[in-house]
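S.K.: Pasting in a structure now, in structure tokens, and then I'll have a few things to ask.
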Amino acid sequence: MPALVTCCIAFLLFSSTLLSAQNTGSATAAPVGLERHPWVLVIHGGAGGPVKGTLTTKEEQAYLDKLNEALKLGSGVLSHGGSSLDAVETVVRFMEDCPLFNAGKGAVLNENGKAELDAAIMDGLTGMAGAVACVTTIKNPISAARRVMEKTSHVMLCGAGAEKFARAQHLEMVDPTYFITPERLAAWKKSRPAPTAKPEKNEPSTEKHGTVGAVALDENGNLAAATSTGGMMGKMTGRIGDSPIIGAGTYASNKTCAVSATGHGEFFIRNVVAYDMSAIMEYRGAPLEEAGKIIIQDKLRNQKADGGLIAVDKDGNITMPFNTNAMFRGFARSTGEQEVAIY
Ligand code: GLY
């Protein structure tokens, strides 16, 4: 058989394998060089207050600038063929380092005036996930979460164990005071006396909670999600929110979507929000936007639970629903489109 004909047959067989993988929603990566998905990155810097008009124009611009910087960083990863996992980790690290957001430096403080941090990351291709909770000395909890996913047989490590692991992985460690900014300390002092375990008031406020997150679809068609937070202002010591809980605040599956949530964590845990997005799409066949609306605008609003989420599906559709006054958010696409917003 002439070489050219052999080549054509091989190509046709390969193409039909690819097509059938797409039709069945298979979670395999597209072979490099044959198919390039348009990439998408979506980020959030927390939902809650402020009511429009509370922030000065300068303050608003500072948030928008940081969101734009975060998008540029993540876009740099994705536009050079980087993975969605690398993109979401890069973006969340940047937001953890930025004192404006409730994650890493600038996290809200617990009942004892300390920053206790939670983070999670999930790979939509493999279904693998990693998380850390209640950590106080890991500079970038999201990178520790990724190491848990990649270097251990576990999904979540907490407290001293997570910190021992992070040190062994040579991640950057800091004194717990590194995370405390004058603004968060002042807000904490104002919030005294600390709330006890009992009441669950649904008062939307960025001072009470926030969270940062990123979801991405890379040019190989792989989805990933990452979330990091200081949790809720005045929370009990040892309290763990939804962000590091896979399926609650963070979830990704190449079959459906990648999700990062923000809001009153207890409600997001009880409603298994991030996985519910995926399940509504998978089992009900609902499009991404409808799934987000069902959860945030119907289910959670009915429970008077405030918050929002960002999500991207395997086809590059995005949604960013929230039922609060505001949600710091933005997205970027391989087309060059980039937008950020607060209200
Ligand atoms: N959504 C962040 C938290 O409740 O901890």
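Chain identifiers are assigned as A, B, and so on, following the order in which chains appear in the structure tokens; residues are numbered from 1 within each chain, and ligands are numbered from 1 in order of appearance.
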Taking only C-alpha atoms and all ligand atoms into account, report as a list in words which residues have an atom no farther than 6 Å from an atom of ligand 1.
M.R.: Thr211, Thr229, Gly231, Met232, Gly241, Asp242, Ser243, Thr262, Gly263, His264 and Gly265 of chain A
S.K.: Give me the residues of stretch 203-319 of chain A that have any atom at most 10 Å from an atom of stretch 89-109 of chain A; for each, the nearest atom pair and the distance in Å, rounded to one decimal. Use only C-alpha atoms, sort by chain and number, and format it as a Markdown table.
M.R.:
```
| residue | atom | partner | partner_atom | distance |
| --- | --- | --- | --- | --- |
| A:Thr206 | CA | A:Asn102 | CA | 8.1 |
| A:Glu207 | CA | A:Val108 | CA | 7.0 |
| A:Lys208 | CA | A:Val108 | CA | 7.2 |
| A:His209 | CA | A:Asn102 | CA | 7.0 |
| A:Gly210 | CA | A:Asn102 | CA | 5.3 |
| A:Thr211 | CA | A:Asn102 | CA | 5.2 |
| A:Val212 | CA | A:Ala103 | CA | 6.5 |
| A:Gly213 | CA | A:Val92 | CA | 6.1 |
| A:Ala214 | CA | A:Val92 | CA | 6.6 |
| A:Val215 | CA | A:Val91 | CA | 9.5 |
| A:Ala224 | CA | A:Glu89 | CA | 9.3 |
| A:Ala225 | CA | A:Glu89 | CA | 8.6 |
| A:Ala226 | CA | A:Glu89 | CA | 6.6 |
| A:Thr227 | CA | A:Val92 | CA | 7.1 |
| A:Ser228 | CA | A:Ala103 | CA | 5.7 |
| A:Thr229 | CA | A:Ala103 | CA | 4.1 |
| A:Gly230 | CA | A:Ala107 | CA | 4.6 |
| A:Gly231 | CA | A:Val108 | CA | 6.8 |
| A:Met232 | CA | A:Val108 | CA | 6.5 |
| A:Met233 | CA | A:Val108 | CA | 5.1 |
| A:Gly234 | CA | A:Leu109 | CA | 6.0 |
| A:Lys235 | CA | A:Leu109 | CA | 7.6 |
| A:Met236 | CA | A:Leu109 | CA | 9.8 |
| A:Thr237 | CA | A:Leu109 | CA | 9.7 |
```
S.K.: Could you list, as an mmCIF file with all heavy atoms, in the first residue's frame, every residue within 9 Å of stretch 128-137 of chain A, counting only C-alpha atoms and ignoring same-chain residues fewer than 6 positions away?
M.R.:
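So part.cif came out as:
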```cif
data_model
loop_
_atom_site.group_PDB
_atom_site.id
_atom_site.type_symbol
_atom_site.label_atom_id
_atom_site.label_comp_id
_atom_site.auth_asym_id
_atom_site.auth_seq_id
_atom_site.Cartn_x
_atom_site.Cartn_y
_atom_site.Cartn_z
ATOM 1 N N LYS A 114 -6.697 35.344 64.838
ATOM 2 C CA LYS A 114 -5.685 34.666 64.015
ATOM 3 C C LYS A 114 -6.248 34.333 62.635
ATOM 4 O O LYS A 114 -7.464 34.140 62.487
ATOM 5 C CB LYS A 114 -5.266 33.356 64.691
ATOM 6 C CG LYS A 114 -4.564 33.566 66.011
ATOM 7 C CD LYS A 114 -3.554 32.439 66.269
ATOM 8 C CE LYS A 114 -2.617 32.796 67.398
ATOM 9 N NZ LYS A 114 -2.951 32.164 68.662
ATOM 10 N N ALA A 115 -5.367 34.259 61.653
ATOM 11 C CA ALA A 115 -5.786 33.838 60.311
ATOM 12 C C ALA A 115 -5.612 32.328 60.199
ATOM 13 O O ALA A 115 -4.510 31.813 60.374
ATOM 14 C CB ALA A 115 -4.951 34.545 59.257
ATOM 15 N N GLU A 116 -6.711 31.627 59.953
ATOM 16 C CA GLU A 116 -6.667 30.180 59.723
ATOM 17 C C GLU A 116 -7.167 29.974 58.300
ATOM 18 O O GLU A 116 -8.311 30.336 57.982
ATOM 19 C CB GLU A 116 -7.579 29.434 60.698
ATOM 20 C CG GLU A 116 -6.955 29.222 62.055
ATOM 21 C CD GLU A 116 -7.776 28.273 62.915
ATOM 22 O OE1 GLU A 116 -9.005 28.242 62.782
ATOM 23 O OE2 GLU A 116 -7.186 27.576 63.741
ATOM 24 N N LEU A 117 -6.327 29.373 57.468
ATOM 25 C CA LEU A 117 -6.578 29.385 56.033
ATOM 26 C C LEU A 117 -6.963 28.013 55.479
ATOM 27 O O LEU A 117 -6.451 26.985 55.933
ATOM 28 C CB LEU A 117 -5.323 29.884 55.317
ATOM 29 C CG LEU A 117 -4.737 31.187 55.896
ATOM 30 C CD1 LEU A 117 -3.378 31.484 55.309
ATOM 31 C CD2 LEU A 117 -5.685 32.349 55.662
ATOM 32 N N ASP A 118 -7.848 28.022 54.492
ATOM 33 C CA ASP A 118 -8.298 26.803 53.807
ATOM 34 C C ASP A 118 -8.067 26.967 52.304
ATOM 35 O O ASP A 118 -8.247 28.071 51.770
ATOM 36 C CB ASP A 118 -9.812 26.601 53.976
ATOM 37 C CG ASP A 118 -10.276 26.470 55.421
ATOM 38 O OD1 ASP A 118 -9.471 26.101 56.281
ATOM 39 O OD2 ASP A 118 -11.478 26.739 55.659
ATOM 40 N N ALA A 119 -7.753 25.874 51.610
ATOM 41 C CA ALA A 119 -7.618 25.953 50.144
ATOM 42 C C ALA A 119 -7.794 24.571 49.523
ATOM 43 O O ALA A 119 -7.550 23.552 50.183
ATOM 44 C CB ALA A 119 -6.246 26.502 49.762
ATOM 45 N N ALA A 120 -8.233 24.564 48.268
ATOM 46 C CA ALA A 120 -8.383 23.293 47.548
ATOM 47 C C ALA A 120 -8.150 23.498 46.060
ATOM 48 O O ALA A 120 -8.346 24.594 45.523
ATOM 49 C CB ALA A 120 -9.771 22.706 47.766
ATOM 50 N N ILE A 121 -7.746 22.419 45.408
ATOM 51 C CA ILE A 121 -7.545 22.440 43.953
ATOM 52 C C ILE A 121 -8.029 21.102 43.396
ATOM 53 O O ILE A 121 -7.950 20.080 44.076
ATOM 54 C CB ILE A 121 -6.050 22.680 43.633
ATOM 55 C CG1 ILE A 121 -5.838 23.040 42.155
ATOM 56 C CG2 ILE A 121 -5.175 21.507 44.040
ATOM 57 C CD1 ILE A 121 -4.473 23.697 41.887
ATOM 58 N N MET A 122 -8.593 21.127 42.191
ATOM 59 C CA MET A 122 -9.070 19.870 41.588
ATOM 60 C C MET A 122 -8.782 19.855 40.099
ATOM 61 O O MET A 122 -8.931 20.860 39.402
ATOM 62 C CB MET A 122 -10.566 19.675 41.847
ATOM 63 C CG MET A 122 -11.059 18.315 41.383
ATOM 64 S SD MET A 122 -12.615 17.866 42.167
ATOM 65 C CE MET A 122 -12.813 16.202 41.525
ATOM 66 N N ALA A 144 0.150 24.297 48.662
ATOM 67 C CA ALA A 144 0.176 23.135 49.558
ATOM 68 C C ALA A 144 -0.925 22.156 49.150
ATOM 69 O O ALA A 144 -0.720 20.937 49.148
ATOM 70 C CB ALA A 144 -0.006 23.581 51.001
ATOM 71 N N ALA A 145 -2.099 22.712 48.791
ATOM 72 C CA ALA A 145 -3.207 21.846 48.347
ATOM 73 C C ALA A 145 -2.796 21.048 47.109
ATOM 74 O O ALA A 145 -3.063 19.845 46.999
ATOM 75 C CB ALA A 145 -4.438 22.702 48.060
ATOM 76 N N ARG A 146 -2.113 21.713 46.200
ATOM 77 C CA ARG A 146 -1.685 21.008 44.973
ATOM 78 C C ARG A 146 -0.684 19.896 45.296
ATOM 79 O O ARG A 146 -0.723 18.818 44.705
ATOM 80 C CB ARG A 146 -1.098 21.999 43.966
ATOM 81 C CG ARG A 146 -0.745 21.293 42.673
ATOM 82 C CD ARG A 146 -0.638 22.187 41.506
ATOM 83 N NE ARG A 146 -0.309 21.424 40.317
ATOM 84 C CZ ARG A 146 0.017 21.957 39.170
ATOM 85 N NH1 ARG A 146 0.043 23.261 39.030
ATOM 86 N NH2 ARG A 146 0.312 21.185 38.130
ATOM 87 N N ARG A 147 0.221 20.191 46.258
ATOM 88 C CA ARG A 147 1.189 19.152 46.645
ATOM 89 C C ARG A 147 0.484 17.964 47.298
ATOM 90 O O ARG A 147 0.884 16.826 47.105
ATOM 91 C CB ARG A 147 2.235 19.717 47.606
ATOM 92 C CG ARG A 147 3.134 20.774 47.022
ATOM 93 C CD ARG A 147 4.054 20.225 45.951
ATOM 94 N NE ARG A 147 4.776 21.306 45.317
ATOM 95 C CZ ARG A 147 6.026 21.689 45.647
ATOM 96 N NH1 ARG A 147 6.678 21.046 46.570
ATOM 97 N NH2 ARG A 147 6.588 22.693 45.025
ATOM 98 N N VAL A 148 -0.559 18.255 48.097
ATOM 99 C CA VAL A 148 -1.309 17.148 48.702
ATOM 100 C C VAL A 148 -1.867 16.257 47.583
ATOM 101 O O VAL A 148 -1.792 15.027 47.630
ATOM 102 C CB VAL A 148 -2.461 17.665 49.602
ATOM 103 C CG1 VAL A 148 -3.362 16.517 50.053
ATOM 104 C CG2 VAL A 148 -1.897 18.401 50.820
ATOM 105 N N MET A 149 -2.406 16.909 46.552
ATOM 106 C CA MET A 149 -2.984 16.160 45.416
ATOM 107 C C MET A 149 -1.915 15.327 44.699
ATOM 108 O O MET A 149 -2.151 14.170 44.357
ATOM 109 C CB MET A 149 -3.626 17.144 44.434
ATOM 110 C CG MET A 149 -4.152 16.493 43.161
ATOM 111 S SD MET A 149 -5.029 17.651 42.096
ATOM 112 C CE MET A 149 -3.678 18.520 41.324
ATOM 113 N N GLU A 150 -0.757 15.950 44.483
ATOM 114 C CA GLU A 150 0.235 15.315 43.614
ATOM 115 C C GLU A 150 1.250 14.434 44.338
ATOM 116 O O GLU A 150 1.826 13.540 43.741
ATOM 117 C CB GLU A 150 0.978 16.400 42.807
ATOM 118 C CG GLU A 150 0.045 17.034 41.773
ATOM 119 C CD GLU A 150 0.697 18.161 40.972
ATOM 120 O OE1 GLU A 150 1.751 18.662 41.411
ATOM 121 O OE2 GLU A 150 0.141 18.518 39.925
ATOM 122 N N THR A 152 0.782 13.021 47.699
ATOM 123 C CA THR A 152 0.308 12.118 48.753
ATOM 124 C C THR A 152 -0.829 11.255 48.198
ATOM 125 O O THR A 152 -1.332 11.507 47.103
ATOM 126 C CB THR A 152 -0.239 12.882 49.994
ATOM 127 O OG1 THR A 152 -1.578 13.326 49.713
ATOM 128 C CG2 THR A 152 0.607 14.068 50.377
ATOM 129 N N HIS A 154 -3.554 11.153 49.879
ATOM 130 C CA HIS A 154 -4.710 11.728 50.567
ATOM 131 C C HIS A 154 -5.324 12.868 49.767
ATOM 132 O O HIS A 154 -4.761 13.325 48.776
ATOM 133 C CB HIS A 154 -4.289 12.243 51.948
ATOM 134 C CG HIS A 154 -3.613 11.200 52.782
ATOM 135 N ND1 HIS A 154 -4.165 9.967 53.015
ATOM 136 C CD2 HIS A 154 -2.415 11.206 53.419
ATOM 137 C CE1 HIS A 154 -3.350 9.254 53.774
ATOM 138 N NE2 HIS A 154 -2.278 9.979 54.023
ATOM 139 N N VAL A 155 -6.472 13.338 50.235
ATOM 140 C CA VAL A 155 -7.115 14.500 49.598
ATOM 141 C C VAL A 155 -6.942 15.745 50.475
ATOM 142 O O VAL A 155 -6.675 16.823 49.961
ATOM 143 C CB VAL A 155 -8.615 14.239 49.335
ATOM 144 C CG1 VAL A 155 -9.316 15.517 48.886
ATOM 145 C CG2 VAL A 155 -8.783 13.156 48.268
ATOM 146 N N MET A 156 -7.083 15.605 51.787
ATOM 147 C CA MET A 156 -7.041 16.800 52.640
ATOM 148 C C MET A 156 -6.146 16.594 53.861
ATOM 149 O O MET A 156 -6.233 15.566 54.522
ATOM 150 C CB MET A 156 -8.455 17.170 53.116
ATOM 151 C CG MET A 156 -8.491 18.502 53.853
ATOM 152 S SD MET A 156 -10.057 18.819 54.679
ATOM 153 C CE MET A 156 -11.115 19.192 53.303
ATOM 154 N N LEU A 157 -5.306 17.589 54.123
ATOM 155 C CA LEU A 157 -4.526 17.617 55.358
ATOM 156 C C LEU A 157 -4.895 18.877 56.107
ATOM 157 O O LEU A 157 -5.161 19.913 55.485
ATOM 158 C CB LEU A 157 -3.023 17.638 55.052
ATOM 159 C CG LEU A 157 -2.417 16.405 54.372
ATOM 160 C CD1 LEU A 157 -0.921 16.629 54.116
ATOM 161 C CD2 LEU A 157 -2.607 15.149 55.208
ATOM 162 N N CYS A 158 -4.903 18.802 57.455
ATOM 163 C CA CYS A 158 -5.257 20.006 58.191
ATOM 164 C C CYS A 158 -4.229 20.332 59.268
ATOM 165 O O CYS A 158 -3.437 19.476 59.671
ATOM 166 C CB CYS A 158 -6.652 19.882 58.812
ATOM 167 S SG CYS A 158 -6.680 18.914 60.314
ATOM 168 N N GLY A 159 -4.227 21.604 59.688
ATOM 169 C CA GLY A 159 -3.447 22.077 60.821
ATOM 170 C C GLY A 159 -1.978 21.688 60.788
ATOM 171 O O GLY A 159 -1.301 21.819 59.761
ATOM 172 N N ALA A 160 -1.496 21.208 61.940
ATOM 173 C CA ALA A 160 -0.066 20.927 62.106
ATOM 174 C C ALA A 160 0.442 19.907 61.090
ATOM 175 O O ALA A 160 1.571 20.018 60.594
ATOM 176 C CB ALA A 160 0.184 20.416 63.527
ATOM 177 N N ALA A 162 -0.643 19.404 58.014
ATOM 178 C CA ALA A 162 -0.520 20.062 56.712
ATOM 179 C C ALA A 162 0.745 20.922 56.692
ATOM 180 O O ALA A 162 1.468 20.980 55.684
ATOM 181 C CB ALA A 162 -1.751 20.925 56.447
ATOM 182 N N GLU A 163 1.024 21.569 57.831
ATOM 183 C CA GLU A 163 2.193 22.448 57.885
ATOM 184 C C GLU A 163 3.502 21.653 57.879
ATOM 185 O O GLU A 163 4.468 22.038 57.206
ATOM 186 C CB GLU A 163 2.073 23.367 59.104
ATOM 187 C CG GLU A 163 1.068 24.458 58.792
ATOM 188 C CD GLU A 163 0.516 25.208 59.976
ATOM 189 O OE1 GLU A 163 0.819 24.834 61.111
ATOM 190 O OE2 GLU A 163 -0.221 26.167 59.737
ATOM 191 N N GLU A 172 7.125 27.802 50.956
ATOM 192 C CA GLU A 172 7.493 28.966 51.777
ATOM 193 C C GLU A 172 6.605 29.041 53.023
ATOM 194 O O GLU A 172 5.373 29.038 52.923
ATOM 195 C CB GLU A 172 7.361 30.257 50.946
ATOM 196 C CG GLU A 172 7.988 31.431 51.655
ATOM 197 C CD GLU A 172 8.043 32.677 50.773
ATOM 198 O OE1 GLU A 172 7.790 32.599 49.547
ATOM 199 O OE2 GLU A 172 8.324 33.752 51.339
ATOM 200 N N MET A 173 7.259 29.121 54.182
ATOM 201 C CA MET A 173 6.540 29.203 55.453
ATOM 202 C C MET A 173 6.722 30.604 56.018
ATOM 203 O O MET A 173 7.766 31.233 55.799
ATOM 204 C CB MET A 173 7.078 28.155 56.440
ATOM 205 C CG MET A 173 7.149 26.736 55.907
ATOM 206 S SD MET A 173 5.559 26.042 55.359
ATOM 207 C CE MET A 173 4.776 25.706 56.918
ATOM 208 N N VAL A 174 5.723 31.091 56.743
ATOM 209 C CA VAL A 174 5.796 32.444 57.298
ATOM 210 C C VAL A 174 5.301 32.427 58.745
ATOM 211 O O VAL A 174 4.638 31.481 59.180
ATOM 212 C CB VAL A 174 4.917 33.427 56.472
ATOM 213 C CG1 VAL A 174 5.512 33.683 55.096
ATOM 214 C CG2 VAL A 174 3.480 32.929 56.379
ATOM 215 N N ASP A 175 5.605 33.503 59.454
ATOM 216 C CA ASP A 175 5.065 33.664 60.798
ATOM 217 C C ASP A 175 3.559 33.952 60.659
ATOM 218 O O ASP A 175 3.158 34.649 59.720
ATOM 219 C CB ASP A 175 5.770 34.847 61.478
ATOM 220 C CG ASP A 175 5.358 34.958 62.930
ATOM 221 O OD1 ASP A 175 6.002 34.294 63.764
ATOM 222 O OD2 ASP A 175 4.386 35.696 63.221
ATOM 223 N N PRO A 176 2.724 33.441 61.572
ATOM 224 C CA PRO A 176 1.275 33.667 61.448
ATOM 225 C C PRO A 176 0.888 35.143 61.335
ATOM 226 O O PRO A 176 -0.148 35.474 60.745
ATOM 227 C CB PRO A 176 0.716 33.059 62.733
ATOM 228 C CG PRO A 176 1.714 32.038 63.143
ATOM 229 C CD PRO A 176 3.052 32.542 62.698
ATOM 230 N N THR A 177 1.725 36.041 61.883
ATOM 231 C CA THR A 177 1.392 37.471 61.827
ATOM 232 C C THR A 177 1.520 38.031 60.406
ATOM 233 O O THR A 177 0.994 39.104 60.119
ATOM 234 C CB THR A 177 2.303 38.289 62.760
ATOM 235 O OG1 THR A 177 3.667 37.978 62.425
ATOM 236 C CG2 THR A 177 2.055 37.947 64.215
ATOM 237 N N TYR A 178 2.224 37.304 59.525
ATOM 238 C CA TYR A 178 2.385 37.760 58.131
ATOM 239 C C TYR A 178 1.021 38.029 57.487
ATOM 240 O O TYR A 178 0.860 38.951 56.692
ATOM 241 C CB TYR A 178 3.154 36.688 57.319
ATOM 242 C CG TYR A 178 2.936 36.790 55.827
ATOM 243 C CD1 TYR A 178 3.659 37.705 55.051
ATOM 244 C CD2 TYR A 178 1.979 35.991 55.177
ATOM 245 C CE1 TYR A 178 3.437 37.813 53.674
ATOM 246 C CE2 TYR A 178 1.755 36.099 53.807
ATOM 247 C CZ TYR A 178 2.491 37.011 53.065
ATOM 248 O OH TYR A 178 2.262 37.118 51.714
ATOM 249 N N PHE A 179 0.017 37.214 57.856
ATOM 250 C CA PHE A 179 -1.288 37.292 57.178
ATOM 251 C C PHE A 179 -2.145 38.469 57.658
ATOM 252 O O PHE A 179 -3.120 38.832 57.010
ATOM 253 C CB PHE A 179 -2.065 35.980 57.397
ATOM 254 C CG PHE A 179 -1.355 34.778 56.835
ATOM 255 C CD1 PHE A 179 -0.763 33.837 57.668
ATOM 256 C CD2 PHE A 179 -1.278 34.591 55.467
ATOM 257 C CE1 PHE A 179 -0.099 32.735 57.150
ATOM 258 C CE2 PHE A 179 -0.619 33.493 54.934
ATOM 259 C CZ PHE A 179 -0.025 32.564 55.785
ATOM 260 N N GLY A 230 -9.707 32.804 53.892
ATOM 261 C CA GLY A 230 -9.495 32.932 55.323
ATOM 262 C C GLY A 230 -10.778 32.572 56.064
ATOM 263 O O GLY A 230 -10.818 32.618 57.296
ATOM 264 N N THR A 237 -12.252 28.959 66.313
ATOM 265 C CA THR A 237 -10.963 28.333 66.021
ATOM 266 C C THR A 237 -11.224 26.887 65.592
ATOM 267 O O THR A 237 -12.011 26.188 66.230
ATOM 268 C CB THR A 237 -10.076 28.358 67.282
ATOM 269 O OG1 THR A 237 -9.868 29.728 67.624
ATOM 270 C CG2 THR A 237 -8.743 27.682 67.044
ATOM 271 N N GLY A 238 -10.620 26.480 64.495
ATOM 272 C CA GLY A 238 -10.812 25.112 64.006
ATOM 273 C C GLY A 238 -11.950 24.965 63.026
ATOM 274 O O GLY A 238 -12.129 23.895 62.434
ATOM 275 N N ARG A 239 -12.704 26.041 62.818
ATOM 276 C CA ARG A 239 -13.822 25.958 61.852
ATOM 277 C C ARG A 239 -13.265 25.805 60.426
ATOM 278 O O ARG A 239 -12.340 26.492 60.032
ATOM 279 C CB ARG A 239 -14.676 27.226 61.956
ATOM 280 C CG ARG A 239 -15.836 27.292 60.958
ATOM 281 C CD ARG A 239 -15.487 28.119 59.736
ATOM 282 N NE ARG A 239 -16.643 28.356 58.880
ATOM 283 C CZ ARG A 239 -16.547 28.903 57.680
ATOM 284 N NH1 ARG A 239 -15.402 29.268 57.179
ATOM 285 N NH2 ARG A 239 -17.632 29.091 56.952
ATOM 286 N N ILE A 240 -13.844 24.905 59.680
ATOM 287 C CA ILE A 240 -13.447 24.712 58.279
ATOM 288 C C ILE A 240 -14.651 25.041 57.407
ATOM 289 O O ILE A 240 -15.762 24.574 57.668
ATOM 290 C CB ILE A 240 -12.969 23.260 58.035
ATOM 291 C CG1 ILE A 240 -11.713 22.987 58.875
ATOM 292 C CG2 ILE A 240 -12.700 23.020 56.553
ATOM 293 C CD1 ILE A 240 -11.281 21.533 58.889
ATOM 294 N N GLY A 241 -14.428 25.845 56.391
ATOM 295 C CA GLY A 241 -15.517 26.247 55.504
ATOM 296 C C GLY A 241 -15.649 25.331 54.304
ATOM 297 O O GLY A 241 -15.131 24.213 54.277
ATOM 298 N N SER A 243 -14.598 26.012 51.162
ATOM 299 C CA SER A 243 -13.567 26.138 50.115
ATOM 300 C C SER A 243 -12.698 24.887 49.958
ATOM 301 O O SER A 243 -12.453 24.458 48.831
ATOM 302 C CB SER A 243 -12.678 27.351 50.383
ATOM 303 O OG SER A 243 -13.461 28.495 50.544
ATOM 304 N N PRO A 244 -12.201 24.278 51.078
ATOM 305 C CA PRO A 244 -11.316 23.134 50.894
ATOM 306 C C PRO A 244 -12.072 21.811 50.758
ATOM 307 O O PRO A 244 -11.444 20.762 50.626
ATOM 308 C CB PRO A 244 -10.494 23.136 52.189
ATOM 309 C CG PRO A 244 -11.459 23.634 53.205
ATOM 310 C CD PRO A 244 -12.335 24.635 52.515
ATOM 311 N N ILE A 245 -13.393 21.866 50.830
ATOM 312 C CA ILE A 245 -14.158 20.620 50.768
ATOM 313 C C ILE A 245 -14.555 20.348 49.317
ATOM 314 O O ILE A 245 -15.323 21.106 48.708
ATOM 315 C CB ILE A 245 -15.386 20.683 51.701
ATOM 316 C CG1 ILE A 245 -14.876 20.817 53.138
ATOM 317 C CG2 ILE A 245 -16.279 19.459 51.533
ATOM 318 C CD1 ILE A 245 -15.945 20.919 54.181
ATOM 319 N N ILE A 246 -13.989 19.275 48.795
ATOM 320 C CA ILE A 246 -14.224 18.945 47.392
ATOM 321 C C ILE A 246 -15.712 18.620 47.216
ATOM 322 O O ILE A 246 -16.279 17.807 47.939
ATOM 323 C CB ILE A 246 -13.337 17.741 46.969
ATOM 324 C CG1 ILE A 246 -11.856 18.100 47.153
ATOM 325 C CG2 ILE A 246 -13.627 17.322 45.523
ATOM 326 C CD1 ILE A 246 -11.384 19.349 46.448
ATOM 327 N N TYR A 251 -14.813 22.155 42.704
ATOM 328 C CA TYR A 251 -15.046 20.911 41.975
ATOM 329 C C TYR A 251 -14.671 21.077 40.512
ATOM 330 O O TYR A 251 -14.846 22.168 39.945
ATOM 331 C CB TYR A 251 -16.522 20.466 42.065
ATOM 332 C CG TYR A 251 -16.736 19.064 41.547
ATOM 333 C CD1 TYR A 251 -16.344 17.963 42.304
ATOM 334 C CD2 TYR A 251 -17.278 18.831 40.289
ATOM 335 C CE1 TYR A 251 -16.494 16.667 41.824
ATOM 336 C CE2 TYR A 251 -17.438 17.535 39.799
ATOM 337 C CZ TYR A 251 -17.040 16.462 40.590
ATOM 338 O OH TYR A 251 -17.180 15.185 40.112
ATOM 339 N N ALA A 252 -14.176 20.016 39.898
ATOM 340 C CA ALA A 252 -13.894 20.054 38.450
ATOM 341 C C ALA A 252 -14.007 18.659 37.862
ATOM 342 O O ALA A 252 -13.527 17.687 38.446
ATOM 343 C CB ALA A 252 -12.493 20.604 38.198
#
```
S.K.: Based on DSSP run over this structure's backbone, return all residues of stretch 21-174 of chain A in helix (DSSP H, G or I), as an NGL selection string.
M.R.: :A and (21-23 or 57-79 or 84-97 or 141-151 or 159-168)
S.K.: Please identify which residues in stretch 81-292 of chain A DSSP calls strand (DSSP E) from the backbone, and express them as a count of residues only.
M.R.: 40
S.K.: Which residue is closest to A:Ala258? Choose from A:Ala87, A:Ala311, A:Ile342, A:Ile294 and count only C-alpha atoms.
M.R.: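 Among the listed residues, A:Ala311 lies closest to A:Ala258.
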S.K.: Tell me which of A:Ile295, A:Leu223, A:Ala341, A:Ile138 sits closest to A:Gly82, counting only C-alpha atoms.
M.R.: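 Using only C-alpha atoms, A:Gly82 sits closest to A:Leu223.
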S.K.: Excluding A:Gly221 and its own-chain neighbours fewer than 2 positions away, which residues fall within 10 Å of it when counting only C-alpha atoms? Please give them as a list in words.
M.R.: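 Answer for this query is Ala27, Thr28, Ala29, Ala30, Pro31, Glu35, Arg36, His37, Pro38, Trp39, Val40, Ser83, Ser84, Gly124, Leu125, Ala216, Leu217, Asp218, Glu219, Leu223, Asn254, Asp313, Lys314, Asp315 and Gly316 of chain A.
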S.K.: Rounded to one decimal, what separation in Å do you get between atom CA of A:Gly308 and atom CA of A:Gly48?
M.R.: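 These atoms are spaced 8.6 Å apart.
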S.K.: Please provide the set of residues having any atom within 10 Å of A:Gln303, restricted to only C-alpha atoms, with same-chain residues fewer than 3 positions apart removed, written as a JSON list (two decimals) with N, CA, C and O atoms, in the first residue's frame.
M.R.:
```json
[["chain", "number", "residue", "atom", "x", "y", "z"],
["A", 202, "ASN", "N", -27.26, 35.74, 58.38],
["A", 202, "ASN", "CA", -26.87, 35.84, 56.98],
["A", 202, "ASN", "C", -26.66, 37.29, 56.61],
["A", 202, "ASN", "O", -27.39, 37.86, 55.83],
["A", 267, "PHE", "N", -23.62, 26.86, 54.42],
["A", 267, "PHE", "CA", -24.69, 26.57, 53.46],
["A", 267, "PHE", "C", -24.14, 25.86, 52.22],
["A", 267, "PHE", "O", -24.79, 24.97, 51.66],
["A", 298, "ASP", "N", -32.02, 30.30, 43.18],
["A", 298, "ASP", "CA", -33.21, 29.61, 43.70],
["A", 298, "ASP", "C", -32.90, 28.95, 45.05],
["A", 298, "ASP", "O", -33.34, 29.41, 46.09],
["A", 299, "LYS", "N", -32.12, 27.88, 45.00],
["A", 299, "LYS", "CA", -31.87, 27.07, 46.19],
["A", 299, "LYS", "C", -31.28, 27.88, 47.36],
["A", 299, "LYS", "O", -31.85, 27.92, 48.45],
["A", 300, "LEU", "N", -30.14, 28.54, 47.14],
["A", 300, "LEU", "CA", -29.47, 29.24, 48.24],
["A", 300, "LEU", "C", -30.24, 30.49, 48.66],
["A", 300, "LEU", "O", -30.36, 30.79, 49.84],
["A", 306, "ASP", "N", -26.15, 33.64, 51.50],
["A", 306, "ASP", "CA", -25.55, 34.54, 50.53],
["A", 306, "ASP", "C", -24.26, 33.98, 49.94],
["A", 306, "ASP", "O", -23.50, 33.29, 50.62]]
```
S.K.: Take atom CA of A:His44 and atom CA of A:Ser191 and report the distance between them in Å, one decimal.
M.R.: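 Those two atoms sit 24.9 Å apart.
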S.K.: If you measure from atom CA of A:Asn68 to atom CA of A:Thr324, what distance in Å do you get, rounded to one decimal?
M.R.: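 We find that atom CA of A:Asn68 and atom CA of A:Thr324 lie 21.7 Å from each other.
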